[in-house]
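J.: Sending over a structure as structure tokens; questions will come in a sec.
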Amino acid sequence: MDRLKGKVAIITGAALGIGRATAVRMAEEGASVAVLDMLVAEGEALAADLTGRGLSARFWRCDVTSEVEVERVIGEVAAAFGRLDVLVNNAGVSGASKPTHEVTEAEWDFVQAVNVKGVFFCTKHAIPHLRAAGGGSIIHLSSIYGLVGAADAPPYHASKGAVRLMAKTDAMIYAPDRIRVNSIHPGFIQTPMVLNALSAQEDGGAEAREGLVALHPLGHLGDPDDIAWGAVYLASDEARFVTGAELVIDGGYTAR
Ligand code: NAD
């Protein structure tokens with residue numbers, strides 16, 4: 001309770017999955033939450049659900065690949081809630097899963113546009129508002145795929161490696177402004193991104209799921225809340241000495 005009391009948080013890609021859980025937990029901890037997504041019905045339903053519970057939330061349609069839209073929406077959030085303290089760069093896509101020599105330029109560009117350029121745009125346009133608030137916390141959703149390789153999704157790996165270092169660079173640049181920048185590195189989490197990929201398989205994904213579970217020493221996949229609580233920590237003043245860090249929440253995937 002109240003770990004984020006008085007703070008205003010933007011969460012991109014907050015209609016589903018990890019972003020949704022993060023929006024819920026942050027609102028429950030006292031933050032005013034701006035739910036940003038391209039999915040209007042789901043985003044509006046989440047904001048209505050939160051406000052119906054007496055929490056502070058509002059939905060904005062925002063495609064993070066559009067700089068004009070990102071700048072406008074972040075300005076509207078800061079005006080509506082009076083300030084900005086937290087940005088969670090969560091919106092992401094998994095993209096093409098095929099060997100590098102088969103990936104098209106369009107497939108490559110699509111993943112970088114959302115996962116890298118979107119993080120750049122949101123960070124760029126949040127900084128003036130965070131500075132005005134006297135500091136803040138920016139959290140990039142990287143991945144275990146930003147730390148170690150796997151033989152599946154080259155554009156995604158490249159994008160998650162990029163945001164890992166974008167967090168460290170901006171941690172250095174904005175430390176004098178008391179703006180902390182960190183990355184979170186989830187293992188496989190049961191969200192639409194993962195569950196839809198599994199259910200698209202011929203056997204409904206049962207065998208692939210078992211294979212994924214086996215990669216996590218704790219013996220199961222993660223839940224969105226496992227990541228949301230990490231984001232709450234990094235957004236809160238409990239993490240006031242934490243910047244440029246990698247918070248790995250992966251059931252032990254990268255421990256081997
Ligand atoms: P998801 O696909 O379940 O949800 C992603 C959300 O982002 C959706 O609501 C979608 O509409 C939104 N989105 C997509 N493109 C957007 C755009 N251009 N502008 C605004 N919103 C957009 O994904 P998830 O599993 O919840 O993943 C969230 C983040 O965590 C992603 O960055 C993902 O790469 C990362 N991540 C996920 C896992 C996992 O196992 N689920 C593991 C590691 C990292």
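Naming works like this for the structure tokens: A, B, ... for the chains as they're shown, residue 1 at the start of each chain, ligands 1 onward in shown order.
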Compute the set of protein, DNA and RNA residues whose minimum atom distance to ligand 1 is at most 7 Å, using only C-alpha atoms and all ligand atoms, and state it as a PyMOL selection string.
T.: chain A and resi 12-19+36-39+62-65+90-94+114-115+141-144+185-194
J.: Report as a ChimeraX atom specification: the residues of region 100-174 of chain A with a DSSP assignment of strand (DSSP E), based on the backbone of this structure.
T.: /A:136-141
J.: Which residue, A:Ile173, A:Val242, A:Ala214, A:Val33, has the smallest gap to Leu4 (chain A) when you use only C-alpha atoms?
T.: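 Ranking A:Ile173, A:Val242, A:Ala214, A:Val33 by distance to Leu4 (chain A), first place goes to A:Val33.
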J.: Using only C-alpha atoms, pick whichever of A:Ala158, A:Val77, A:Val68, A:Ile249 has the shortest atom-to-atom distance to Lys124 (chain A).
T.: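 That would be A:Val68, the residue with the smallest distance to Lys124 (chain A).
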J.: Would you mind telling me which residue in A:Ala133, A:Ile139, A:Ala200, A:Ala255 lies nearest to Thr22 (chain A) when using only C-alpha atoms?
T.: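 Of A:Ala133, A:Ile139, A:Ala200, A:Ala255, the one nearest Thr22 (chain A) is A:Ile139, counting only C-alpha atoms.
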J.: With distances taken over only C-alpha atoms, which residue among A:Asp225, A:Leu198, A:Ser32, A:Ala45 lies nearest Gly211 (chain A)?
T.: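 Looking only at the distances to Gly211 (chain A), the closest residue turns out to be A:Leu198.
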J.: Leaving out Pro155 (chain A) and any residue of its chain fewer than 2 positions from it, which residues lie within 12 Å of it when counting only C-alpha atoms, given as a VMD selection string?
T.: chain A and resid 92 to 116 145 to 146 149 to 153 157 to 162
J.: Those selected residues, please, written with N, CA and C atoms and delivered as an mmCIF file, in the first residue's frame.
T.:
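What landed in out26.cif:
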```
data_model
loop_
_atom_site.group_PDB
_atom_site.id
_atom_site.type_symbol
_atom_site.label_atom_id
_atom_site.label_comp_id
_atom_site.auth_asym_id
_atom_site.auth_seq_id
_atom_site.Cartn_x
_atom_site.Cartn_y
_atom_site.Cartn_z
ATOM 1 N N GLY A 92 5.889 -3.715 -26.532
ATOM 2 C CA GLY A 92 6.876 -4.485 -27.283
ATOM 3 C C GLY A 92 6.208 -5.538 -28.140
ATOM 4 N N VAL A 93 6.936 -5.985 -29.154
ATOM 5 C CA VAL A 93 6.462 -7.062 -30.029
ATOM 6 C C VAL A 93 7.566 -8.097 -30.168
ATOM 7 N N SER A 94 7.157 -9.346 -30.384
ATOM 8 C CA SER A 94 8.178 -10.404 -30.503
ATOM 9 C C SER A 94 8.702 -10.519 -31.935
ATOM 10 N N GLY A 95 7.836 -10.308 -32.923
ATOM 11 C CA GLY A 95 8.284 -10.271 -34.314
ATOM 12 C C GLY A 95 8.659 -11.627 -34.884
ATOM 13 N N ALA A 96 9.388 -11.573 -36.002
ATOM 14 C CA ALA A 96 9.690 -12.781 -36.765
ATOM 15 C C ALA A 96 10.560 -13.746 -35.976
ATOM 16 N N SER A 97 10.153 -15.024 -36.023
ATOM 17 C CA SER A 97 10.967 -16.075 -35.400
ATOM 18 C C SER A 97 11.482 -16.977 -36.519
ATOM 19 N N LYS A 98 12.659 -16.650 -37.021
ATOM 20 C CA LYS A 98 13.264 -17.396 -38.125
ATOM 21 C C LYS A 98 14.745 -17.035 -38.158
ATOM 22 N N PRO A 99 15.566 -17.853 -38.816
ATOM 23 C CA PRO A 99 16.993 -17.552 -38.840
ATOM 24 C C PRO A 99 17.296 -16.228 -39.535
ATOM 25 N N THR A 100 18.394 -15.596 -39.144
ATOM 26 C CA THR A 100 18.756 -14.264 -39.636
ATOM 27 C C THR A 100 18.715 -14.166 -41.165
ATOM 28 N N HIS A 101 19.195 -15.196 -41.877
ATOM 29 C CA HIS A 101 19.272 -15.084 -43.341
ATOM 30 C C HIS A 101 17.898 -15.122 -44.007
ATOM 31 N N GLU A 102 16.850 -15.408 -43.215
ATOM 32 C CA GLU A 102 15.492 -15.410 -43.778
ATOM 33 C C GLU A 102 14.685 -14.181 -43.366
ATOM 34 N N VAL A 103 15.218 -13.361 -42.460
ATOM 35 C CA VAL A 103 14.483 -12.192 -41.966
ATOM 36 C C VAL A 103 14.493 -11.091 -43.027
ATOM 37 N N THR A 104 13.313 -10.537 -43.306
ATOM 38 C CA THR A 104 13.234 -9.445 -44.290
ATOM 39 C C THR A 104 13.534 -8.103 -43.606
ATOM 40 N N GLU A 105 13.835 -7.109 -44.428
ATOM 41 C CA GLU A 105 14.099 -5.770 -43.896
ATOM 42 C C GLU A 105 12.861 -5.243 -43.156
ATOM 43 N N ALA A 106 11.687 -5.516 -43.715
ATOM 44 C CA ALA A 106 10.446 -5.026 -43.081
ATOM 45 C C ALA A 106 10.239 -5.687 -41.717
ATOM 46 N N GLU A 107 10.529 -6.994 -41.643
ATOM 47 C CA GLU A 107 10.376 -7.692 -40.358
ATOM 48 C C GLU A 107 11.355 -7.133 -39.327
ATOM 49 N N TRP A 108 12.572 -6.856 -39.772
ATOM 50 C CA TRP A 108 13.585 -6.283 -38.882
ATOM 51 C C TRP A 108 13.143 -4.901 -38.380
ATOM 52 N N ASP A 109 12.731 -4.057 -39.336
ATOM 53 C CA ASP A 109 12.377 -2.671 -39.004
ATOM 54 C C ASP A 109 11.162 -2.597 -38.081
ATOM 55 N N PHE A 110 10.202 -3.496 -38.282
ATOM 56 C CA PHE A 110 8.988 -3.485 -37.450
ATOM 57 C C PHE A 110 9.350 -3.662 -35.965
ATOM 58 N N VAL A 111 10.191 -4.628 -35.683
ATOM 59 C CA VAL A 111 10.557 -4.900 -34.277
ATOM 60 C C VAL A 111 11.370 -3.744 -33.695
ATOM 61 N N GLN A 112 12.308 -3.224 -34.480
ATOM 62 C CA GLN A 112 13.129 -2.113 -33.947
ATOM 63 C C GLN A 112 12.258 -0.863 -33.742
ATOM 64 N N ALA A 113 11.253 -0.673 -34.614
ATOM 65 C CA ALA A 113 10.407 0.533 -34.508
ATOM 66 C C ALA A 113 9.648 0.557 -33.178
ATOM 67 N N VAL A 114 9.118 -0.585 -32.789
ATOM 68 C CA VAL A 114 8.352 -0.624 -31.526
ATOM 69 C C VAL A 114 9.308 -0.743 -30.333
ATOM 70 N N ASN A 115 10.186 -1.718 -30.381
ATOM 71 C CA ASN A 115 10.959 -2.087 -29.187
ATOM 72 C C ASN A 115 12.132 -1.155 -28.889
ATOM 73 N N VAL A 116 12.646 -0.478 -29.908
ATOM 74 C CA VAL A 116 13.811 0.396 -29.693
ATOM 75 C C VAL A 116 13.438 1.867 -29.910
ATOM 76 N N TYR A 145 16.330 -12.210 -23.230
ATOM 77 C CA TYR A 145 16.855 -12.170 -24.593
ATOM 78 C C TYR A 145 17.693 -10.914 -24.850
ATOM 79 N N GLY A 146 17.801 -10.039 -23.877
ATOM 80 C CA GLY A 146 18.755 -8.938 -23.955
ATOM 81 C C GLY A 146 20.036 -9.260 -23.207
ATOM 82 N N GLY A 149 21.786 -15.353 -25.665
ATOM 83 C CA GLY A 149 21.240 -15.708 -26.965
ATOM 84 C C GLY A 149 20.290 -16.900 -26.893
ATOM 85 N N ALA A 150 19.539 -17.086 -27.963
ATOM 86 C CA ALA A 150 18.721 -18.282 -28.167
ATOM 87 C C ALA A 150 18.514 -18.360 -29.668
ATOM 88 N N ALA A 151 18.301 -19.571 -30.179
ATOM 89 C CA ALA A 151 18.282 -19.741 -31.637
ATOM 90 C C ALA A 151 16.888 -19.526 -32.207
ATOM 91 N N ASP A 152 16.308 -18.324 -31.963
ATOM 92 C CA ASP A 152 14.967 -18.148 -32.508
ATOM 93 C C ASP A 152 14.643 -16.795 -33.141
ATOM 94 N N ALA A 153 14.749 -15.683 -32.433
ATOM 95 C CA ALA A 153 14.176 -14.413 -32.923
ATOM 96 C C ALA A 153 15.227 -13.303 -32.996
ATOM 97 N N HIS A 157 16.023 -10.200 -30.234
ATOM 98 C CA HIS A 157 17.249 -10.192 -29.430
ATOM 99 C C HIS A 157 18.005 -8.875 -29.578
ATOM 100 N N ALA A 158 18.126 -8.426 -30.835
ATOM 101 C CA ALA A 158 18.850 -7.175 -31.086
ATOM 102 C C ALA A 158 18.172 -6.024 -30.352
ATOM 103 N N SER A 159 16.835 -6.008 -30.395
ATOM 104 C CA SER A 159 16.095 -4.896 -29.779
ATOM 105 C C SER A 159 16.238 -4.904 -28.261
ATOM 106 N N LYS A 160 16.231 -6.074 -27.679
ATOM 107 C CA LYS A 160 16.290 -6.143 -26.209
ATOM 108 C C LYS A 160 17.713 -5.880 -25.700
ATOM 109 N N GLY A 161 18.707 -6.244 -26.515
ATOM 110 C CA GLY A 161 20.081 -5.862 -26.165
ATOM 111 C C GLY A 161 20.244 -4.357 -26.240
ATOM 112 N N ALA A 162 19.598 -3.745 -27.229
ATOM 113 C CA ALA A 162 19.705 -2.288 -27.400
ATOM 114 C C ALA A 162 19.129 -1.545 -26.201
#
```
J.: Per DSSP on the backbone, what are the alpha helix (DSSP H) residues of region 14-252 of chain A, as a count of residues only?
T.: 113
J.: One number please: CA of Ile179 (chain A) to CA of Glu71 (chain A), in Å, one decimal.
T.: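 Between these atoms lies a distance of 18.7 Å.
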J.: Taking 4 positions as the minimum chain separation for residues in the same chain, which residues sit within 7 Å of Arg58 (chain A) when counting only C-alpha atoms? Answer as a PyMOL selection string.
T.: chain A and resi 33-35+47
J.: Counting only C-alpha atoms, which of A:Gly82, A:Gly75, A:Pro176, A:Gly54 gets nearest to Gly6 (chain A)?
T.: A:Gly82
J.: In Å, rounded to a single decimal, give me how far CA of Glu29 (chain A) is from CA of Met1 (chain A).
T.: 4.8 Å
J.: Mind checking which residues fall within 6 Å of Asn182 (chain A), counting only C-alpha atoms, ignoring those fewer than 5 positions away in the same chain, and posting them as a compact mmCIF listing (two decimals) with all heavy atoms, in the first residue's frame?
T.:
```txt
# COMPACT_ATOMS: atom_id res chain seq x y z
N ILE A 139 11.86 2.89 -16.62
CA ILE A 139 12.07 1.43 -16.59
C ILE A 139 11.87 0.88 -18.00
O ILE A 139 10.79 1.06 -18.59
CB ILE A 139 11.07 0.78 -15.62
CG1 ILE A 139 11.24 1.34 -14.21
CG2 ILE A 139 11.23 -0.74 -15.64
CD1 ILE A 139 10.04 1.12 -13.31
N ALA A 167 19.32 1.99 -21.37
CA ALA A 167 19.05 2.28 -19.94
C ALA A 167 20.32 2.72 -19.24
O ALA A 167 20.33 3.70 -18.46
CB ALA A 167 18.45 1.06 -19.26
N THR A 243 20.35 2.73 -10.16
CA THR A 243 20.25 3.23 -11.54
C THR A 243 21.27 2.52 -12.42
O THR A 243 22.34 2.12 -11.95
CB THR A 243 20.40 4.77 -11.61
OG1 THR A 243 19.88 5.22 -12.88
CG2 THR A 243 21.83 5.24 -11.45
N GLY A 244 20.91 2.33 -13.68
CA GLY A 244 21.78 1.59 -14.60
C GLY A 244 21.81 0.10 -14.31
O GLY A 244 22.68 -0.62 -14.79
N ALA A 245 20.86 -0.37 -13.53
CA ALA A 245 20.88 -1.77 -13.09
C ALA A 245 20.00 -2.65 -13.98
O ALA A 245 19.10 -2.17 -14.68
CB ALA A 245 20.39 -1.87 -11.65
```
J.: Report the distance between CA of Gly252 (chain A) and CA of Gly230 (chain A) in Å, rounded to one decimal place.
T.: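 A separation of 15.3 Å between them.
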J.: Please identify all polymer residues within 8 Å of Ala27 (chain A), counting only C-alpha atoms, omitting same-chain residues fewer than 4 positions from it, and present them as an MDAnalysis selection string.
T.: chainID A and resid 23 31:33 50 55:57
J.: Those same residues - all heavy atoms - I'd like them written as a PDB file, in the first residue's frame.
T.:
```pdb
ATOM      1  N   ALA A  23       0.280  -1.669 -14.449  1.00  0.00           N
ATOM      2  CA  ALA A  23      -0.658  -0.563 -14.234  1.00  0.00           C
ATOM      3  C   ALA A  23      -1.518  -0.827 -12.997  1.00  0.00           C
ATOM      4  O   ALA A  23      -1.733   0.064 -12.169  1.00  0.00           O
ATOM      5  CB  ALA A  23      -1.535  -0.379 -15.474  1.00  0.00           C
ATOM      6  N   ALA A  31      -0.255   5.260  -7.159  1.00  0.00           N
ATOM      7  CA  ALA A  31       0.119   6.105  -8.297  1.00  0.00           C
ATOM      8  C   ALA A  31      -1.120   6.478  -9.116  1.00  0.00           C
ATOM      9  O   ALA A  31      -2.103   5.730  -9.153  1.00  0.00           O
ATOM     10  CB  ALA A  31       1.113   5.376  -9.195  1.00  0.00           C
ATOM     11  N   SER A  32      -1.057   7.632  -9.771  1.00  0.00           N
ATOM     12  CA  SER A  32      -1.994   7.937 -10.850  1.00  0.00           C
ATOM     13  C   SER A  32      -1.394   7.336 -12.111  1.00  0.00           C
ATOM     14  O   SER A  32      -0.250   7.635 -12.467  1.00  0.00           O
ATOM     15  CB  SER A  32      -2.154   9.451 -11.019  1.00  0.00           C
ATOM     16  OG  SER A  32      -2.857   9.981  -9.921  1.00  0.00           O
ATOM     17  N   VAL A  33      -2.159   6.475 -12.752  1.00  0.00           N
ATOM     18  CA  VAL A  33      -1.603   5.664 -13.827  1.00  0.00           C
ATOM     19  C   VAL A  33      -2.173   6.079 -15.184  1.00  0.00           C
ATOM     20  O   VAL A  33      -3.395   6.116 -15.365  1.00  0.00           O
ATOM     21  CB  VAL A  33      -1.914   4.174 -13.553  1.00  0.00           C
ATOM     22  CG1 VAL A  33      -1.660   3.337 -14.784  1.00  0.00           C
ATOM     23  CG2 VAL A  33      -1.077   3.673 -12.389  1.00  0.00           C
ATOM     24  N   LEU A  50     -10.072   0.334 -12.947  1.00  0.00           N
ATOM     25  CA  LEU A  50      -9.262   0.923 -11.866  1.00  0.00           C
ATOM     26  C   LEU A  50      -9.994   2.091 -11.209  1.00  0.00           C
ATOM     27  O   LEU A  50     -10.052   2.179  -9.976  1.00  0.00           O
ATOM     28  CB  LEU A  50      -7.897   1.365 -12.411  1.00  0.00           C
ATOM     29  CG  LEU A  50      -6.974   0.216 -12.860  1.00  0.00           C
ATOM     30  CD1 LEU A  50      -5.731   0.755 -13.567  1.00  0.00           C
ATOM     31  CD2 LEU A  50      -6.557  -0.638 -11.669  1.00  0.00           C
ATOM     32  N   LEU A  55      -9.369   3.961  -7.694  1.00  0.00           N
ATOM     33  CA  LEU A  55      -7.956   4.245  -7.976  1.00  0.00           C
ATOM     34  C   LEU A  55      -7.880   5.292  -9.082  1.00  0.00           C
ATOM     35  O   LEU A  55      -8.875   5.614  -9.731  1.00  0.00           O
ATOM     36  CB  LEU A  55      -7.231   2.956  -8.374  1.00  0.00           C
ATOM     37  CG  LEU A  55      -7.347   1.835  -7.328  1.00  0.00           C
ATOM     38  CD1 LEU A  55      -6.774   0.527  -7.863  1.00  0.00           C
ATOM     39  CD2 LEU A  55      -6.622   2.238  -6.036  1.00  0.00           C
ATOM     40  N   SER A  56      -6.680   5.833  -9.295  1.00  0.00           N
ATOM     41  CA  SER A  56      -6.514   6.928 -10.245  1.00  0.00           C
ATOM     42  C   SER A  56      -5.895   6.402 -11.539  1.00  0.00           C
ATOM     43  O   SER A  56      -4.746   5.929 -11.532  1.00  0.00           O
ATOM     44  CB  SER A  56      -5.621   8.007  -9.615  1.00  0.00           C
ATOM     45  OG  SER A  56      -5.432   9.056 -10.528  1.00  0.00           O
ATOM     46  N   ALA A  57      -6.653   6.476 -12.635  1.00  0.00           N
ATOM     47  CA  ALA A  57      -6.151   5.968 -13.917  1.00  0.00           C
ATOM     48  C   ALA A  57      -6.907   6.610 -15.067  1.00  0.00           C
ATOM     49  O   ALA A  57      -8.048   7.051 -14.912  1.00  0.00           O
ATOM     50  CB  ALA A  57      -6.327   4.449 -13.988  1.00  0.00           C
TER      51      ALA A  57
END
```
J.: Just checking: using only C-alpha atoms, which residue out of A:Asp237, A:Asp2, A:Gly251, A:Ala126 ends up closest to Val213 (chain A)?
T.: A:Gly251
